[in-house]
Each structure stands twice: as C-alpha cells, then as structure tokens.
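Pasted below: protein-v4.txt, compact mmCIF, C-alpha atoms.
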```txt
# COMPACT_ATOMS: atom_id res chain seq x y z
CA MET I 1 -19.28 24.11 -37.42
CA VAL I 2 -17.30 21.67 -35.23
CA ASN I 3 -17.16 18.06 -36.28
CA LEU I 4 -18.82 16.21 -33.35
CA TRP I 5 -17.44 12.83 -34.46
CA PHE I 6 -13.93 14.17 -33.86
CA MET I 7 -14.81 15.58 -30.41
CA GLY I 8 -15.50 12.16 -28.81
CA PRO I 9 -12.00 10.74 -29.34
CA LEU I 10 -10.44 14.10 -28.50
CA ILE I 11 -12.24 14.24 -25.14
CA TRP I 12 -10.96 10.76 -24.23
CA LEU I 13 -7.40 11.74 -25.21
CA ILE I 14 -7.66 14.83 -23.01
CA ILE I 15 -8.95 12.75 -20.08
CA MET I 16 -6.14 10.23 -20.64
CA ALA I 17 -3.52 13.02 -20.69
CA ILE I 18 -4.92 14.54 -17.49
CA MET I 19 -4.83 11.15 -15.74
CA VAL I 20 -1.22 10.57 -16.83
CA ILE I 21 -0.21 14.03 -15.60
CA VAL I 22 -1.97 13.46 -12.26
CA GLU I 23 -0.16 10.11 -11.93
CA ILE I 24 3.20 11.72 -12.64
CA ILE I 25 2.54 14.37 -10.01
CA THR I 26 1.16 12.06 -7.30
CA VAL I 27 2.93 8.76 -8.07
CA GLY I 28 0.15 6.93 -6.23
CA LEU I 29 -0.47 4.24 -8.86
CA THR I 30 -4.14 5.17 -8.88
CA SER I 31 -4.97 7.53 -11.72
CA ILE I 32 -2.89 5.64 -14.30
CA TRP I 33 -5.59 2.94 -14.42
CA PHE I 34 -8.15 5.60 -15.36
CA ALA I 35 -5.84 6.63 -18.20
CA GLY I 36 -6.11 3.03 -19.43
CA GLY I 37 -9.89 3.23 -19.22
CA ALA I 38 -9.82 6.47 -21.21
CA LEU I 39 -7.63 4.78 -23.85
CA ILE I 40 -10.16 1.96 -24.29
CA ALA I 41 -13.01 4.51 -24.48
CA PHE I 42 -10.96 6.42 -27.07
CA PHE I 43 -10.73 3.34 -29.30
CA ALA I 44 -14.45 2.64 -28.79
CA SER I 45 -15.25 6.18 -29.92
CA LEU I 46 -13.06 5.72 -33.02
CA PHE I 47 -15.16 2.68 -33.94
CA GLY I 48 -18.36 4.69 -33.52
CA ALA I 49 -19.60 3.32 -30.18
CA PRO I 50 -22.34 5.42 -28.56
CA ALA I 51 -21.30 7.79 -25.76
CA ALA I 52 -23.04 5.60 -23.14
CA VAL I 53 -20.98 2.56 -24.21
CA GLN I 54 -17.80 4.63 -24.09
CA ILE I 55 -18.56 5.81 -20.57
CA VAL I 56 -19.44 2.30 -19.37
CA LEU I 57 -16.22 0.93 -20.92
CA PHE I 58 -14.22 3.72 -19.26
CA ILE I 59 -15.69 2.94 -15.83
CA ILE I 60 -15.44 -0.86 -16.12
CA VAL I 61 -11.89 -0.92 -17.48
CA SER I 62 -10.70 1.68 -14.97
CA VAL I 63 -12.18 -0.06 -11.94
CA LEU I 64 -11.09 -3.54 -13.04
CA THR I 65 -7.51 -2.53 -13.77
CA LEU I 66 -7.37 -0.57 -10.51
CA ALA I 67 -8.63 -3.55 -8.50
CA LEU I 68 -6.66 -6.24 -10.33
CA PHE I 69 -3.33 -4.64 -11.14
CA ARG I 70 -2.69 -1.91 -8.57
CA PRO I 71 -2.00 -4.26 -5.62
CA LYS I 72 0.60 -6.20 -7.64
CA ALA I 73 2.15 -2.99 -8.98
CA VAL I 74 2.43 -1.49 -5.49
CA GLU I 75 3.96 -4.72 -4.19
CA HIS I 76 6.45 -4.75 -7.06
CA PHE I 77 7.55 -1.16 -6.54
CA ASN I 78 7.76 -1.48 -2.74
CA LYS I 79 9.80 -4.69 -2.60
CA THR I 80 13.05 -2.74 -2.92
CA ARG I 81 11.96 -0.12 -0.38
CA THR I 82 14.31 0.07 2.57
CA LYS I 83 12.54 -0.22 5.89
CA THR I 84 13.26 2.66 8.22
CA ASN I 85 12.71 3.47 11.87
CA VAL I 86 9.70 1.59 13.25
CA ASP I 87 9.26 -0.64 10.19
CA SER I 88 12.75 -2.04 10.67
CA MET I 89 11.90 -3.26 14.20
CA ILE I 90 9.14 -5.64 13.12
CA GLY I 91 10.39 -9.22 13.09
CA LYS I 92 13.52 -8.52 15.17
CA ARG I 93 14.53 -10.99 17.86
CA VAL I 94 15.11 -9.27 21.20
CA LYS I 95 15.98 -10.27 24.75
CA VAL I 96 13.65 -9.67 27.69
CA ILE I 97 15.46 -7.78 30.47
CA GLU I 98 12.43 -7.36 32.75
CA PRO I 99 9.62 -9.95 32.86
CA ILE I 100 6.67 -9.01 30.64
CA SER I 101 3.24 -9.06 32.27
CA ASN I 102 0.37 -7.23 30.60
CA LEU I 103 -1.71 -7.60 33.77
CA ASP I 104 0.94 -5.91 35.94
CA GLY I 105 1.91 -3.44 33.23
CA THR I 106 5.56 -4.45 33.34
CA GLY I 107 8.10 -5.58 30.80
CA THR I 108 11.23 -4.33 29.13
CA VAL I 109 13.29 -5.58 26.21
CA LEU I 110 16.63 -4.52 24.78
CA LEU I 111 16.63 -3.62 21.08
CA ASN I 112 19.71 -2.10 19.44
CA ASP I 113 21.12 -1.23 22.88
CA VAL I 114 17.95 0.72 23.75
CA GLU I 115 15.50 -0.33 26.45
CA TRP I 116 11.90 -0.51 25.24
CA THR I 117 8.69 -1.05 27.18
CA ALA I 118 7.17 -4.30 25.95
CA ARG I 119 3.83 -6.06 26.11
CA SER I 120 2.91 -9.59 25.12
CA SER I 121 0.75 -10.00 22.02
CA THR I 122 -0.81 -13.14 23.51
CA GLY I 123 -1.16 -11.86 27.08
CA GLN I 124 1.11 -14.54 28.49
CA VAL I 125 3.78 -13.71 31.07
CA ILE I 126 7.24 -13.84 29.50
CA GLU I 127 10.21 -14.43 31.79
CA LYS I 128 13.46 -12.48 31.97
CA GLU I 129 16.20 -13.67 29.55
CA SER I 130 13.60 -15.06 27.11
CA ILE I 131 13.97 -14.33 23.41
CA VAL I 132 10.94 -12.67 21.84
CA VAL I 133 10.02 -11.43 18.36
CA VAL I 134 8.68 -7.91 17.77
CA LYS I 135 5.23 -8.19 16.15
CA GLU I 136 4.23 -4.52 16.11
CA VAL I 137 4.96 -1.12 17.60
CA LYS I 138 2.24 0.82 19.41
CA GLY I 139 3.43 4.25 20.41
CA VAL I 140 6.53 3.67 22.53
CA LYS I 141 5.72 0.03 23.33
CA LEU I 142 6.88 -3.03 21.46
CA ILE I 143 4.28 -5.75 21.13
CA VAL I 144 6.18 -9.03 21.27
CA GLU I 145 5.59 -12.74 21.09
CA LYS I 146 7.70 -15.45 22.69
CA GLU I 147 9.86 -17.24 20.17
CA SER I 148 8.91 -20.87 19.72
```

Target format structure tokens, applied to this file:
Amino acid sequence: MVNLWFMGPLIWLIIMAIMVIVEIITVGLTSIWFAGGALIAFFASLFGAPAAVQIVLFIIVSVLTLALFRPKAVEHFNKTRTKTNVDSMIGKRVKVIEPISNLDGTGTVLLNDVEWTARSSTGQVIEKESIVVVKEVKGVKLIVEKES
C-alpha cells in the first residue's frame, strides 16, 4: 500500500519541477512564481496541513509573487536590452523638412538620412525647420511632438 502522507509533498515537488522546466523553456518569467507557490505548499504538506490549505497557499503565493515581483524582474532583465529598429526611434530629435499638418495630411521629417511621413501627436501645425521629438511609430508614420 502507498503511503498517502508521502504523496502530498511528492506531488508539490513534481508541480514545482514542471513549473521550473516550463520557465526554462519559455523564459517568460511567469511560471517560476508558480514554482514558488508549489514550494510553499510542499512545506505546508510536510507540516501536515490539509490539502485544501495547501491548494489555497499555492494559489495565493503564486498570484501574489506573480503580481508583486514579475514587473520588477522583467524591468531588471530588460534594462540592458538594446533597442532595435522602431524602438530606437522613440525619443529621437528630428528636423521637419515639410510642414506637418494632420488636417491636410502632410508632413515629412528626416531621421537617419531617411525621409519619414510625420503627424503631430497634438494636432498642431508644425513648421518646416522645426525640431520635433518622435513619440511613437504607427505603421510608416512617425508621431511627433514639437520640442519645447
């Protein structure tokens, strides 16, 4: 006959191992927090907590650690990420080479020696030779704002 007392902790260790393996495969910083919840449930089962308490602890710890620690962890790991392509354009100062008017559907800026269609983020007309800052990229258009 199988010792049922031993099965509770074993199940939580298996769940924890699966969550760690999923995290290693996906590297999404999501399932690792569930591994932490399984670890707490494992210790609760060692101390003889009922299955319902173990499950509640697993859910609470997993959700709390996911909500509280994942955003900071993602921020920490992404701070050294090199911006590429479109991401690198945001925040750049560029020169207007054709007046920008959202109403008339006109406007061009020069960014890295390439002409881009531009629109004003505020809707204001921006004159030629003005310096603007790229706020976002929508398709092939730069959304810009006049520099203060």

Original post:
At what distance in Å, to one decimal, does CA of Val125 (chain I) lie from CA of Val144 (chain I)?
Top reply: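 Distance between the two atoms: 11.1 Å.
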
**OP:** With a distance cut-off of 12 Å and only C-alpha atoms, select the neighbouring residues of region 32-44 of chain I, excluding the residue or stretch itself and same-chain residues fewer than 5 positions from it, and output the selection as a count of residues only.
**Re:** 47

Within 12 Å of Thr106 (chain I), counting all atoms listed in the file, which residues show up once you throw out same-chain ones fewer than 5 positions away? Write them as a tab-separated table (two decimals) with C-alpha atoms, keeping the file's coordinate frame, please.
```tsv
chain	number	residue	atom	x	y	z
I	96	VAL	CA	13.65	-9.67	27.69
I	97	ILE	CA	15.46	-7.78	30.47
I	98	GLU	CA	12.43	-7.36	32.75
I	99	PRO	CA	9.62	-9.95	32.86
I	100	ILE	CA	6.67	-9.01	30.64
I	101	SER	CA	3.24	-9.06	32.27
I	116	TRP	CA	11.90	-0.51	25.24
I	117	THR	CA	8.69	-1.05	27.18
I	118	ALA	CA	7.17	-4.30	25.95
I	119	ARG	CA	3.83	-6.06	26.11
I	120	SER	CA	2.91	-9.59	25.12
I	123	GLY	CA	-1.16	-11.86	27.08
I	125	VAL	CA	3.78	-13.71	31.07
I	126	ILE	CA	7.24	-13.84	29.50
I	127	GLU	CA	10.21	-14.43	31.79
I	128	LYS	CA	13.46	-12.48	31.97
I	141	LYS	CA	5.72	0.03	23.33
```

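CA of Thr80 (chain I) lies 27.1 Å from CA of Asp113 (chain I).
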
**OP:** Please measure the separation of CA of Ile90 (chain I) and CA of Leu103 (chain I), giving the value in Å to one decimal.
**Re:**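 Here the two named atoms are 23.4 Å from each other.
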
**OP:** Would you mind telling me which residue in I:Ser88, I:Asn102, I:Asn78, I:Ser31 lies nearest to Ile143 (chain I) when using all atoms listed in the file?
**Re:** I:Asn102

Subject >> Which residue of I:Gly28, I:Gly139, I:Arg93, I:Lys146 approaches Phe77 (chain I) most closely, using only C-alpha atoms >> reply: I:Gly28

Output: region 124-141 of chain I of the preceding structure, restricted to N, CA, C and O atoms, written as a short mmCIF file (atom, residue, chain, number, x, y, z; two decimals), in the first residue's frame.
```cif
data_model
loop_
_atom_site.label_atom_id
_atom_site.label_comp_id
_atom_site.auth_asym_id
_atom_site.auth_seq_id
_atom_site.Cartn_x
_atom_site.Cartn_y
_atom_site.Cartn_z
N GLN I 124 -1.32 70.02 -33.68
CA GLN I 124 -0.90 71.36 -34.07
C GLN I 124 -0.08 71.31 -35.36
O GLN I 124 0.54 70.31 -35.68
N VAL I 125 -0.11 72.41 -36.11
CA VAL I 125 0.69 72.53 -37.32
C VAL I 125 2.13 72.82 -36.88
O VAL I 125 2.37 73.67 -36.03
N ILE I 126 3.08 72.10 -37.46
CA ILE I 126 4.48 72.29 -37.11
C ILE I 126 5.22 72.73 -38.37
O ILE I 126 5.17 72.08 -39.41
N GLU I 127 5.88 73.87 -38.26
CA GLU I 127 6.53 74.50 -39.42
C GLU I 127 7.82 73.78 -39.83
O GLU I 127 8.46 73.10 -39.03
N LYS I 128 8.18 74.01 -41.10
CA LYS I 128 9.43 73.50 -41.66
C LYS I 128 10.61 74.02 -40.84
O LYS I 128 10.54 75.14 -40.31
N GLU I 129 11.65 73.22 -40.71
CA GLU I 129 12.89 73.54 -39.98
C GLU I 129 12.73 73.42 -38.45
O GLU I 129 13.69 73.62 -37.72
N SER I 130 11.53 73.11 -37.97
CA SER I 130 11.34 72.92 -36.53
C SER I 130 11.99 71.61 -36.10
O SER I 130 12.15 70.69 -36.90
N ILE I 131 12.36 71.56 -34.83
CA ILE I 131 12.89 70.32 -34.26
C ILE I 131 11.75 69.67 -33.48
O ILE I 131 11.08 70.31 -32.67
N VAL I 132 11.54 68.38 -33.75
CA VAL I 132 10.47 67.63 -33.09
C VAL I 132 11.07 66.37 -32.46
O VAL I 132 12.17 65.95 -32.80
N VAL I 133 10.30 65.78 -31.55
CA VAL I 133 10.71 64.54 -30.88
C VAL I 133 9.74 63.44 -31.29
O VAL I 133 8.53 63.64 -31.26
N VAL I 134 10.28 62.28 -31.65
CA VAL I 134 9.46 61.14 -32.05
C VAL I 134 8.84 60.53 -30.78
O VAL I 134 9.53 60.15 -29.85
N LYS I 135 7.51 60.48 -30.75
CA LYS I 135 6.78 59.93 -29.60
C LYS I 135 6.37 58.48 -29.82
O LYS I 135 6.34 57.69 -28.89
N GLU I 136 6.02 58.14 -31.06
CA GLU I 136 5.66 56.76 -31.38
C GLU I 136 5.73 56.55 -32.88
O GLU I 136 5.88 57.49 -33.65
N VAL I 137 5.64 55.29 -33.27
CA VAL I 137 5.65 54.92 -34.69
C VAL I 137 4.37 54.15 -34.96
O VAL I 137 4.08 53.17 -34.27
N LYS I 138 3.61 54.63 -35.94
CA LYS I 138 2.39 53.93 -36.35
C LYS I 138 2.54 53.58 -37.82
O LYS I 138 2.44 54.45 -38.68
N GLY I 139 2.77 52.30 -38.06
CA GLY I 139 2.99 51.87 -39.44
C GLY I 139 4.24 52.51 -39.99
O GLY I 139 5.33 52.31 -39.47
N VAL I 140 4.07 53.32 -41.06
CA VAL I 140 5.22 54.00 -41.66
C VAL I 140 5.23 55.49 -41.33
O VAL I 140 5.93 56.26 -41.97
N LYS I 141 4.45 55.88 -40.33
CA LYS I 141 4.39 57.29 -39.93
C LYS I 141 4.99 57.47 -38.55
O LYS I 141 4.77 56.68 -37.64
#
```
